[in-house]
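So this block is structure_32.cif, mmCIF, C-alpha atoms:
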```
data_query
loop_
_atom_site.label_atom_id
_atom_site.label_comp_id
_atom_site.auth_asym_id
_atom_site.auth_seq_id
_atom_site.Cartn_x
_atom_site.Cartn_y
_atom_site.Cartn_z
CA MET T 179 -30.36 -9.54 -176.39
CA THR T 180 -29.76 -10.90 -172.92
CA SER T 181 -31.07 -9.21 -169.81
CA SER T 182 -30.78 -9.34 -166.06
CA LEU T 183 -32.40 -7.67 -163.09
CA SER T 184 -28.94 -7.34 -161.59
CA ALA T 185 -27.97 -4.87 -164.30
CA PRO T 186 -25.28 -2.44 -163.18
CA GLU T 187 -26.34 1.06 -162.25
CA VAL T 188 -24.66 3.79 -164.26
CA GLN T 189 -23.53 6.54 -161.95
CA GLY T 190 -22.07 10.00 -162.30
CA ILE T 191 -23.65 11.32 -165.50
CA GLN T 192 -24.13 14.95 -164.60
CA PHE T 193 -24.21 18.04 -166.79
CA THR T 194 -22.77 21.43 -166.04
CA ALA T 195 -24.65 24.58 -166.98
CA GLN T 196 -22.28 25.06 -169.92
CA GLU T 197 -22.86 21.49 -171.10
CA ARG T 198 -26.60 21.93 -170.90
CA GLN T 199 -26.43 25.00 -173.08
CA HIS T 200 -24.09 23.25 -175.52
CA TYR T 201 -26.04 20.00 -175.78
CA ARG T 202 -29.36 21.74 -176.31
CA ARG T 203 -28.29 23.75 -179.35
CA PRO T 204 -27.68 22.12 -182.75
CA LYS T 205 -25.06 23.37 -185.19
CA THR T 206 -26.88 25.35 -187.87
CA ALA T 207 -24.98 24.12 -190.94
CA ARG T 208 -25.46 20.48 -190.06
CA LEU T 209 -29.08 21.13 -189.11
CA VAL T 210 -29.84 22.54 -192.57
CA ILE T 211 -28.23 19.54 -194.24
CA ASP T 212 -29.99 17.00 -192.03
CA LEU T 213 -33.38 18.66 -192.45
CA SER T 214 -32.96 18.69 -196.22
CA ARG T 215 -32.11 15.01 -196.59
CA PRO T 216 -35.63 13.51 -196.18
CA TRP T 217 -37.04 15.98 -198.70
CA LEU T 218 -34.28 15.14 -201.17
CA GLN T 219 -35.01 11.44 -200.60
CA ALA T 220 -38.71 12.01 -201.26
CA ILE T 221 -37.96 13.98 -204.43
CA LEU T 222 -35.64 11.19 -205.61
CA GLY T 223 -38.38 8.60 -205.08
CA CYS T 224 -40.95 10.65 -206.99
CA ALA T 225 -38.50 11.40 -209.81
CA LEU T 226 -37.69 7.71 -210.17
CA PHE T 227 -41.29 6.78 -210.93
CA ILE T 228 -42.08 9.89 -212.97
CA SER T 229 -39.04 9.31 -215.18
CA TYR T 230 -39.47 5.53 -215.52
CA PRO T 231 -43.13 4.69 -214.84
CA SER T 232 -43.69 0.98 -214.22
CA ILE T 233 -44.98 -1.24 -211.45
CA TRP T 234 -41.40 -2.04 -210.39
CA SER T 235 -40.23 1.56 -210.29
CA TRP T 236 -43.38 2.42 -208.33
CA LEU T 237 -42.69 -0.25 -205.72
CA LEU T 238 -39.13 1.00 -205.29
CA ALA T 239 -40.29 4.63 -205.31
CA ILE T 240 -42.90 4.20 -202.57
CA PHE T 241 -40.32 2.42 -200.40
CA ILE T 242 -37.92 5.35 -200.79
CA ILE T 243 -40.70 7.91 -200.28
CA ALA T 244 -42.08 6.15 -197.20
CA GLY T 245 -38.63 6.23 -195.61
CA ALA T 246 -38.42 9.93 -196.37
CA GLN T 247 -41.88 10.56 -194.91
CA HIS T 248 -40.92 8.72 -191.76
CA GLY T 249 -37.82 10.89 -191.58
CA LEU T 250 -39.96 14.02 -191.87
CA SER T 251 -42.07 12.87 -188.94
CA LEU T 252 -38.94 12.23 -186.85
CA ILE T 253 -37.79 15.78 -187.49
CA ALA T 254 -41.27 16.95 -186.42
CA HIS T 255 -40.63 15.01 -183.22
CA GLU T 256 -37.42 16.97 -182.69
CA ALA T 257 -39.40 20.18 -183.16
CA SER T 258 -41.99 19.01 -180.62
CA HIS T 259 -39.19 19.20 -178.04
CA PHE T 260 -38.25 22.73 -179.23
CA LEU T 261 -34.89 21.41 -180.43
CA LEU T 262 -34.78 22.69 -184.02
CA CYS T 263 -34.59 26.34 -182.96
CA PRO T 264 -34.37 26.29 -179.15
CA GLN T 265 -33.63 30.00 -179.08
CA ASP T 266 -36.84 30.85 -180.99
CA LYS T 267 -39.82 28.65 -180.13
CA ARG T 268 -42.16 30.35 -182.60
CA ARG T 269 -39.79 29.70 -185.51
CA ASN T 270 -39.24 26.17 -184.21
CA ASP T 271 -42.98 25.46 -184.31
CA LEU T 272 -43.49 27.04 -187.74
CA ILE T 273 -40.72 24.90 -189.22
CA GLY T 274 -41.87 21.79 -187.40
CA THR T 275 -45.50 22.27 -188.41
CA TYR T 276 -45.31 23.32 -192.05
CA LEU T 277 -42.15 21.63 -193.31
CA PHE T 278 -42.25 18.33 -191.42
CA ALA T 279 -45.44 17.47 -189.55
CA ALA T 280 -48.16 18.68 -191.93
CA PRO T 281 -46.66 17.01 -195.05
CA THR T 282 -47.01 13.64 -193.28
CA LEU T 283 -50.56 14.31 -191.97
CA LEU T 284 -49.15 14.61 -188.45
CA PRO T 285 -51.15 17.07 -186.29
CA PHE T 286 -48.18 18.81 -184.71
CA ASN T 287 -49.77 20.34 -181.61
CA VAL T 288 -51.85 17.27 -180.81
CA TYR T 289 -48.80 15.10 -181.36
CA ARG T 290 -46.80 17.21 -178.90
CA GLN T 291 -49.46 16.71 -176.24
CA ARG T 292 -49.54 12.95 -176.79
CA HIS T 293 -45.76 12.70 -176.93
CA ILE T 294 -45.36 14.36 -173.53
CA ILE T 295 -47.62 11.66 -172.11
CA HIS T 296 -45.49 8.99 -173.81
CA HIS T 297 -42.37 10.31 -172.11
CA ARG T 298 -44.12 10.41 -168.75
CA LEU T 299 -45.74 6.97 -168.95
CA VAL T 300 -43.40 4.91 -171.12
CA SER T 301 -43.80 1.19 -170.34
CA GLN T 302 -46.82 1.97 -168.17
CA LEU T 303 -50.58 1.93 -168.48
CA GLY T 304 -51.70 5.01 -170.40
CA ASP T 305 -48.65 5.30 -172.68
CA THR T 306 -49.87 6.90 -175.92
CA LYS T 307 -47.34 4.82 -177.87
CA ASN T 308 -48.57 1.29 -177.24
CA VAL T 309 -47.56 -0.73 -180.29
CA TYR T 310 -44.74 -2.37 -178.31
CA LEU T 311 -47.28 -3.72 -175.79
CA ARG T 312 -48.53 -6.22 -178.37
CA ASP T 313 -47.14 -9.69 -178.95
CA TRP T 314 -45.17 -9.68 -182.22
CA ARG T 315 -43.69 -13.20 -181.96
CA GLY T 316 -43.73 -15.59 -184.90
CA TRP T 317 -46.62 -15.23 -187.35
CA ARG T 318 -47.91 -12.21 -185.38
CA PHE T 319 -45.10 -10.10 -186.78
CA PHE T 320 -46.30 -10.75 -190.33
CA ALA T 321 -49.89 -10.09 -189.25
CA GLU T 322 -48.75 -6.69 -187.95
CA VAL T 323 -47.04 -6.01 -191.29
CA PHE T 324 -50.24 -6.89 -193.15
CA ARG T 325 -52.33 -4.67 -190.85
CA SER T 326 -50.08 -1.71 -191.61
CA LEU T 327 -49.87 -2.30 -195.36
CA SER T 328 -53.65 -2.53 -195.59
CA GLY T 329 -53.91 1.10 -194.43
CA LEU T 330 -56.70 0.13 -192.04
CA GLU T 331 -54.58 0.44 -188.93
CA TYR T 332 -53.66 4.04 -189.79
CA ILE T 333 -57.34 4.92 -190.00
CA LEU T 334 -58.09 3.16 -186.71
CA LYS T 335 -55.20 5.02 -185.07
CA VAL T 336 -56.61 8.37 -186.19
CA ARG T 337 -60.02 7.37 -184.84
CA ASP T 338 -58.55 6.42 -181.46
CA VAL T 339 -56.65 9.71 -181.18
CA LEU T 340 -59.78 11.71 -181.96
CA GLN T 341 -61.90 9.77 -179.49
CA THR T 342 -59.34 10.09 -176.72
CA GLY T 343 -58.86 13.80 -177.33
CA LYS T 344 -62.55 14.59 -177.43
CA GLY T 345 -62.92 12.70 -174.19
CA GLY T 346 -61.10 15.55 -172.47
CA GLU T 347 -57.72 13.97 -171.78
CA TYR T 348 -55.75 16.64 -173.62
CA GLU T 349 -55.81 20.33 -172.81
CA ARG T 350 -56.99 22.52 -175.71
CA PHE T 351 -57.36 19.45 -177.93
CA GLU T 352 -60.09 20.91 -180.17
CA SER T 353 -58.38 24.25 -180.83
CA ASN T 354 -55.02 22.57 -181.44
CA LEU T 355 -56.61 20.06 -183.79
CA ARG T 356 -58.28 22.81 -185.83
CA HIS T 357 -54.97 24.62 -186.25
CA ASP T 358 -53.27 21.38 -187.22
CA GLN T 359 -55.98 20.51 -189.74
CA ILE T 360 -55.55 23.85 -191.49
CA SER T 361 -51.79 23.36 -191.82
CA ILE T 362 -52.24 19.78 -193.07
CA LEU T 363 -54.79 20.80 -195.70
CA LEU T 364 -52.66 23.74 -196.85
CA VAL T 365 -49.39 21.84 -197.16
CA ASN T 366 -50.90 18.73 -198.73
CA GLY T 367 -52.77 20.96 -201.17
CA ILE T 368 -49.43 22.37 -202.29
CA ILE T 369 -47.94 18.86 -202.62
CA PHE T 370 -51.00 17.82 -204.63
CA ILE T 371 -50.57 20.75 -207.02
CA VAL T 372 -46.84 20.15 -207.45
CA LEU T 373 -47.31 16.45 -208.24
CA THR T 374 -50.20 17.27 -210.58
CA LEU T 375 -47.81 19.38 -212.67
CA PHE T 376 -46.03 16.13 -213.59
CA ASP T 377 -49.17 13.98 -213.68
CA PRO T 378 -50.30 12.65 -217.09
CA LEU T 379 -53.93 12.77 -215.80
CA TYR T 380 -55.14 9.36 -216.87
CA PHE T 381 -58.76 9.75 -217.97
CA GLY T 382 -58.53 13.32 -216.70
CA VAL T 383 -57.97 12.22 -213.09
CA PRO T 384 -54.82 13.24 -211.15
CA THR T 385 -53.24 10.21 -209.49
CA TYR T 386 -49.65 11.01 -208.49
CA TYR T 387 -50.50 12.56 -205.11
CA PHE T 388 -52.44 9.45 -204.14
CA ILE T 389 -50.02 6.79 -205.38
CA LEU T 390 -46.74 8.59 -204.63
CA TRP T 391 -47.52 10.48 -201.43
CA LEU T 392 -50.71 9.37 -199.69
CA PHE T 393 -50.37 5.62 -200.24
CA PRO T 394 -46.83 5.18 -198.82
CA MET T 395 -47.72 7.49 -195.93
CA LEU T 396 -50.72 5.40 -194.83
CA THR T 397 -48.92 2.08 -195.22
CA LEU T 398 -45.14 1.71 -195.37
CA SER T 399 -44.28 4.87 -193.46
CA PHE T 400 -46.68 3.85 -190.70
CA LEU T 401 -45.10 0.37 -190.63
CA PHE T 402 -41.62 1.87 -190.28
CA ALA T 403 -42.80 3.88 -187.28
CA LYS T 404 -44.32 0.77 -185.67
CA ILE T 405 -41.18 -1.31 -186.11
CA ARG T 406 -38.99 1.45 -184.74
CA ALA T 407 -41.18 1.88 -181.65
CA LEU T 408 -41.25 -1.88 -181.11
CA ILE T 409 -37.47 -2.19 -181.05
CA GLU T 410 -37.08 0.94 -178.92
CA HIS T 411 -39.38 -0.13 -176.09
CA GLN T 412 -40.30 -3.83 -176.03
CA PRO T 413 -38.27 -5.75 -173.42
CA PRO T 414 -36.75 -9.16 -174.17
CA ARG T 415 -39.16 -12.02 -173.55
CA SER T 416 -36.86 -13.74 -171.06
CA GLY T 417 -34.68 -12.71 -168.16
CA TRP T 418 -37.11 -10.64 -166.12
CA SER T 419 -38.02 -12.11 -162.77
CA ALA T 420 -38.92 -9.96 -159.79
CA SER T 421 -40.18 -10.88 -156.32
CA THR T 422 -42.68 -8.02 -156.43
CA GLU T 423 -44.85 -6.62 -159.20
CA THR T 424 -43.72 -3.44 -160.94
CA PRO T 425 -45.92 -0.98 -162.86
CA TYR T 426 -43.87 -1.50 -166.02
CA PHE T 427 -44.64 -3.66 -169.04
CA MET T 428 -43.46 -7.27 -168.63
CA ASN T 429 -42.55 -6.51 -165.02
CA THR T 430 -39.24 -4.83 -165.82
CA PRO T 431 -37.61 -2.95 -162.91
CA GLY T 432 -37.98 0.35 -164.76
CA PRO T 433 -39.13 1.79 -168.09
CA MET T 434 -37.55 -0.08 -171.01
CA LEU T 435 -35.37 2.04 -173.32
CA ARG T 436 -33.28 0.68 -176.17
CA SER T 437 -30.80 2.33 -178.49
CA VAL T 438 -29.73 0.71 -181.75
CA LYS T 439 -26.46 0.61 -183.66
CA ALA T 440 -28.32 1.24 -186.90
CA THR T 441 -26.87 0.39 -190.29
CA LEU T 442 -26.65 3.03 -193.02
CA VAL T 443 -29.74 1.66 -194.79
CA GLU T 444 -31.68 1.53 -191.52
CA ARG T 445 -30.80 5.16 -190.88
CA LEU T 446 -32.35 6.14 -194.22
CA PHE T 447 -35.66 4.45 -193.43
CA LEU T 448 -35.97 4.07 -189.66
CA SER T 449 -33.80 6.54 -187.80
CA THR T 450 -33.16 9.87 -189.48
CA ILE T 451 -31.33 12.43 -187.30
CA ASN T 452 -29.83 9.91 -184.85
CA PHE T 453 -33.19 8.59 -183.70
CA HIS T 454 -31.58 5.21 -183.05
CA PHE T 455 -30.02 6.77 -179.94
CA HIS T 456 -33.47 6.54 -178.42
CA ALA T 457 -32.58 5.67 -174.83
CA GLU T 458 -30.40 8.75 -174.63
CA HIS T 459 -33.25 10.91 -175.89
CA HIS T 460 -35.67 9.57 -173.28
CA LEU T 461 -33.20 10.03 -170.48
CA TRP T 462 -32.43 13.63 -171.43
CA PRO T 463 -35.08 14.87 -173.92
CA TRP T 464 -33.64 18.39 -173.89
CA ILE T 465 -30.48 17.25 -175.74
CA SER T 466 -30.27 17.91 -179.49
CA TYR T 467 -30.06 14.87 -181.75
CA GLN T 468 -26.61 16.03 -182.88
CA HIS T 469 -25.11 15.31 -179.46
CA LEU T 470 -26.76 11.97 -178.70
CA PRO T 471 -23.81 9.84 -179.95
CA GLU T 472 -21.57 11.55 -177.39
CA ILE T 473 -24.10 10.88 -174.63
CA ASN T 474 -24.31 7.24 -175.73
CA ALA T 475 -20.54 6.92 -175.36
CA ARG T 476 -20.73 8.36 -171.83
CA ILE T 477 -23.41 5.89 -170.80
CA TRP T 478 -21.69 2.78 -172.12
CA GLN T 479 -18.15 3.67 -171.11
CA GLY T 480 -16.76 0.64 -169.26
CA HIS T 481 -19.74 -1.58 -170.17
CA THR T 482 -20.46 -4.07 -172.93
CA HIS T 483 -23.41 -3.59 -175.26
CA LYS T 484 -24.61 -7.11 -174.40
CA ASP T 485 -25.56 -5.95 -170.91
CA ALA T 486 -28.62 -4.17 -169.61
CA LEU T 487 -27.90 -1.06 -167.55
CA MET T 488 -29.92 0.86 -164.99
CA VAL T 489 -29.73 4.59 -165.73
CA ASN T 490 -31.78 7.02 -163.65
CA GLY T 491 -34.22 4.22 -162.84
CA ASN T 492 -34.61 3.13 -166.49
CA VAL T 493 -33.59 -0.17 -168.05
CA VAL T 494 -31.25 0.69 -170.93
CA MET T 495 -30.20 -1.77 -173.63
CA TYR T 496 -28.38 -1.63 -176.95
CA ALA T 497 -29.31 -3.62 -180.09
CA GLY T 498 -26.79 -4.40 -182.83
CA SER T 499 -29.25 -3.29 -185.54
CA TYR T 500 -32.97 -2.93 -186.17
CA THR T 501 -32.80 -6.07 -188.30
CA ALA T 502 -31.27 -8.05 -185.43
CA GLY T 503 -33.91 -6.67 -183.10
CA ILE T 504 -36.70 -7.72 -185.45
CA CYS T 505 -35.26 -11.25 -185.68
CA ASP T 506 -35.14 -11.47 -181.89
CA VAL T 507 -38.75 -10.33 -181.63
CA ILE T 508 -39.95 -12.89 -184.19
CA ARG T 509 -38.07 -15.66 -182.39
CA GLY T 510 -39.48 -14.60 -179.03
CA ARG T 511 -36.15 -13.81 -177.43
#
```

Once more with this new file: its structure as structure tokens, please.
Amino acid sequence: MTSSLSAPEVQGIQFTAQERQHYRRPKTARLVIDLSRPWLQAILGCALFISYPSIWSWLLAIFIIAGAQHGLSLIAHEASHFLLCPQDKRRNDLIGTYLFAAPTLLPFNVYRQRHIIHHRLVSQLGDTKNVYLRDWRGWRFFAEVFRSLSGLEYILKVRDVLQTGKGGEYERFESNLRHDQISILLVNGIIFIVLTLFDPLYFGVPTYYFILWLFPMLTLSFLFAKIRALIEHQPPRSGWSASTETPYFMNTPGPMLRSVKATLVERLFLSTINFHFHAEHHLWPWISYQHLPEINARIWQGHTHKDALMVNGNVVMYAGSYTAGICDVIRGR
């Protein structure tokens, strides 16, 4: 991934009133299919282990389930922008909360508050998504993997969110958190009961909820989210040189946004519902995920994906895949 401060400025991307209305609304049939896929993936993972219980089937199952859980959280993200049902915000929030955020222990209303800050301060001090600010080069990448798989980092992240919120940074943090906690307890209680119906209850103790749902959520699913955020926002380690300091991470001339040409496997685990078109989402967060590929084509028309572009004051890049991006990070490129 090469970069240059003399990146060409993309001009002329404007939207008519009709385009704005069109791009904001998803097609219902496709929406139903896309929203069902992570749940079907999670059910497949659970069924694999339940039908063929072994250490190997469990390892494969939790990998499949963690990818599904990450997909659920990405759909909750779409709901946080009121993009699941833009014509009915109440329905949008009910779906986002109970079908996608709560199952993954994601406090939907608190997340929305934090995510707004991320959009406003991306690549700057105070960004609520800060995993990309760390140095992942070489052995540090594997240290980050270990931190995530230990489950400790998830717990520390929850602690940091609670401390920041109680410090008064977020409006109505306490009331939103209480509402979110109720939805999380309710939905996870249902998941616990459903999994217990298939649980052999070793020594009278139910285990399936903990080993098939909670464990992958606190470890692998969290790791997937970290890797995705890293590739989406960390600038290349070389190529940035400015005569004056900028407020952006690694002294880039603007906030760093990267889209990814994700492979089919990567889409199952890292970028459900077109999340790999991440630069496009940041530039125009009111556009439904279904239309982001078209916006990507408009941005890169006449340019090569090896370049860095300046779009509305943001540095926009394109990675060939998440795997290629990870390799570049490890090598310090």

Next item on the list: Find the residues near Ala220 in chain T: any atom within 8 Å, counting only C-alpha atoms, skip ones fewer than 4 places away on the same chain, and give them as an NGL selection string.
Entry: :T and (216 or 224 or 242-244 or 246-247)

Next item on the list: Specify as number ranges by chain each residue included when the PyMOL selection byres ((chain T and resi 196-206) around 12) is applied to this file.
Entry: T: 191-195, 207-213, 256-257, 259-266, 451, 459, 462-473

Restricting it to C-alpha atoms, dump the selection as a tab-separated table (two decimals), keeping the file's coordinate frame.
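As written to disk, again32.tsv reads:
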```tsv
chain	number	residue	atom	x	y	z
T	191	ILE	CA	-23.65	11.32	-165.50
T	192	GLN	CA	-24.13	14.95	-164.60
T	193	PHE	CA	-24.21	18.04	-166.79
T	194	THR	CA	-22.77	21.43	-166.04
T	195	ALA	CA	-24.65	24.58	-166.98
T	207	ALA	CA	-24.98	24.12	-190.94
T	208	ARG	CA	-25.46	20.48	-190.06
T	209	LEU	CA	-29.08	21.13	-189.11
T	210	VAL	CA	-29.84	22.54	-192.57
T	211	ILE	CA	-28.23	19.54	-194.24
T	212	ASP	CA	-29.99	17.00	-192.03
T	213	LEU	CA	-33.38	18.66	-192.45
T	256	GLU	CA	-37.42	16.97	-182.69
T	257	ALA	CA	-39.40	20.18	-183.16
T	259	HIS	CA	-39.19	19.20	-178.04
T	260	PHE	CA	-38.25	22.73	-179.23
T	261	LEU	CA	-34.89	21.41	-180.43
T	262	LEU	CA	-34.78	22.69	-184.02
T	263	CYS	CA	-34.59	26.34	-182.96
T	264	PRO	CA	-34.37	26.29	-179.15
T	265	GLN	CA	-33.63	30.00	-179.08
T	266	ASP	CA	-36.84	30.85	-180.99
T	451	ILE	CA	-31.33	12.43	-187.30
T	459	HIS	CA	-33.25	10.91	-175.89
T	462	TRP	CA	-32.43	13.63	-171.43
T	463	PRO	CA	-35.08	14.87	-173.92
T	464	TRP	CA	-33.64	18.39	-173.89
T	465	ILE	CA	-30.48	17.25	-175.74
T	466	SER	CA	-30.27	17.91	-179.49
T	467	TYR	CA	-30.06	14.87	-181.75
T	468	GLN	CA	-26.61	16.03	-182.88
T	469	HIS	CA	-25.11	15.31	-179.46
T	470	LEU	CA	-26.76	11.97	-178.70
T	471	PRO	CA	-23.81	9.84	-179.95
T	472	GLU	CA	-21.57	11.55	-177.39
T	473	ILE	CA	-24.10	10.88	-174.63
```

Note to self: Can you tell me which residues surround Trp478 in chain T at a distance of at most 12 Å, considering only C-alpha atoms, apart from same-chain residues fewer than 3 positions away, and format the answer as a ChimeraX atom specification?
What the structure shows: /T:186-189,191,437,457-458,471-475,481-489,494-496

Write the residues you've just listed into a file as a compact mmCIF listing (two decimals), keeping the file's coordinate frame, and include C-alpha atoms for each of them.
```
# COMPACT_ATOMS: atom_id res chain seq x y z
CA PRO T 186 -25.28 -2.44 -163.18
CA GLU T 187 -26.34 1.06 -162.25
CA VAL T 188 -24.66 3.79 -164.26
CA GLN T 189 -23.53 6.54 -161.95
CA ILE T 191 -23.65 11.32 -165.50
CA SER T 437 -30.80 2.33 -178.49
CA ALA T 457 -32.58 5.67 -174.83
CA GLU T 458 -30.40 8.75 -174.63
CA PRO T 471 -23.81 9.84 -179.95
CA GLU T 472 -21.57 11.55 -177.39
CA ILE T 473 -24.10 10.88 -174.63
CA ASN T 474 -24.31 7.24 -175.73
CA ALA T 475 -20.54 6.92 -175.36
CA HIS T 481 -19.74 -1.58 -170.17
CA THR T 482 -20.46 -4.07 -172.93
CA HIS T 483 -23.41 -3.59 -175.26
CA LYS T 484 -24.61 -7.11 -174.40
CA ASP T 485 -25.56 -5.95 -170.91
CA ALA T 486 -28.62 -4.17 -169.61
CA LEU T 487 -27.90 -1.06 -167.55
CA MET T 488 -29.92 0.86 -164.99
CA VAL T 489 -29.73 4.59 -165.73
CA VAL T 494 -31.25 0.69 -170.93
CA MET T 495 -30.20 -1.77 -173.63
CA TYR T 496 -28.38 -1.63 -176.95
```

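Near Leu398 in chain T, within 9 Å and counting only C-alpha atoms, sit T:Ile240, T:Phe241, T:Ala244, T:Gly245, T:His248, T:Val323, T:Ser326, T:Leu327, T:Gly329, T:Phe393, T:Ala403, not including residues fewer than 5 positions from it in the same chain.
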
Note to self: Counting all atoms listed in the file, which residue out of T:Phe447, T:Phe376, T:Trp391, T:Tyr426 sits closest to Gln302 in chain T?
What the structure shows: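 Counting all atoms listed in the file, the residue closest to Gln302 in chain T is T:Tyr426.
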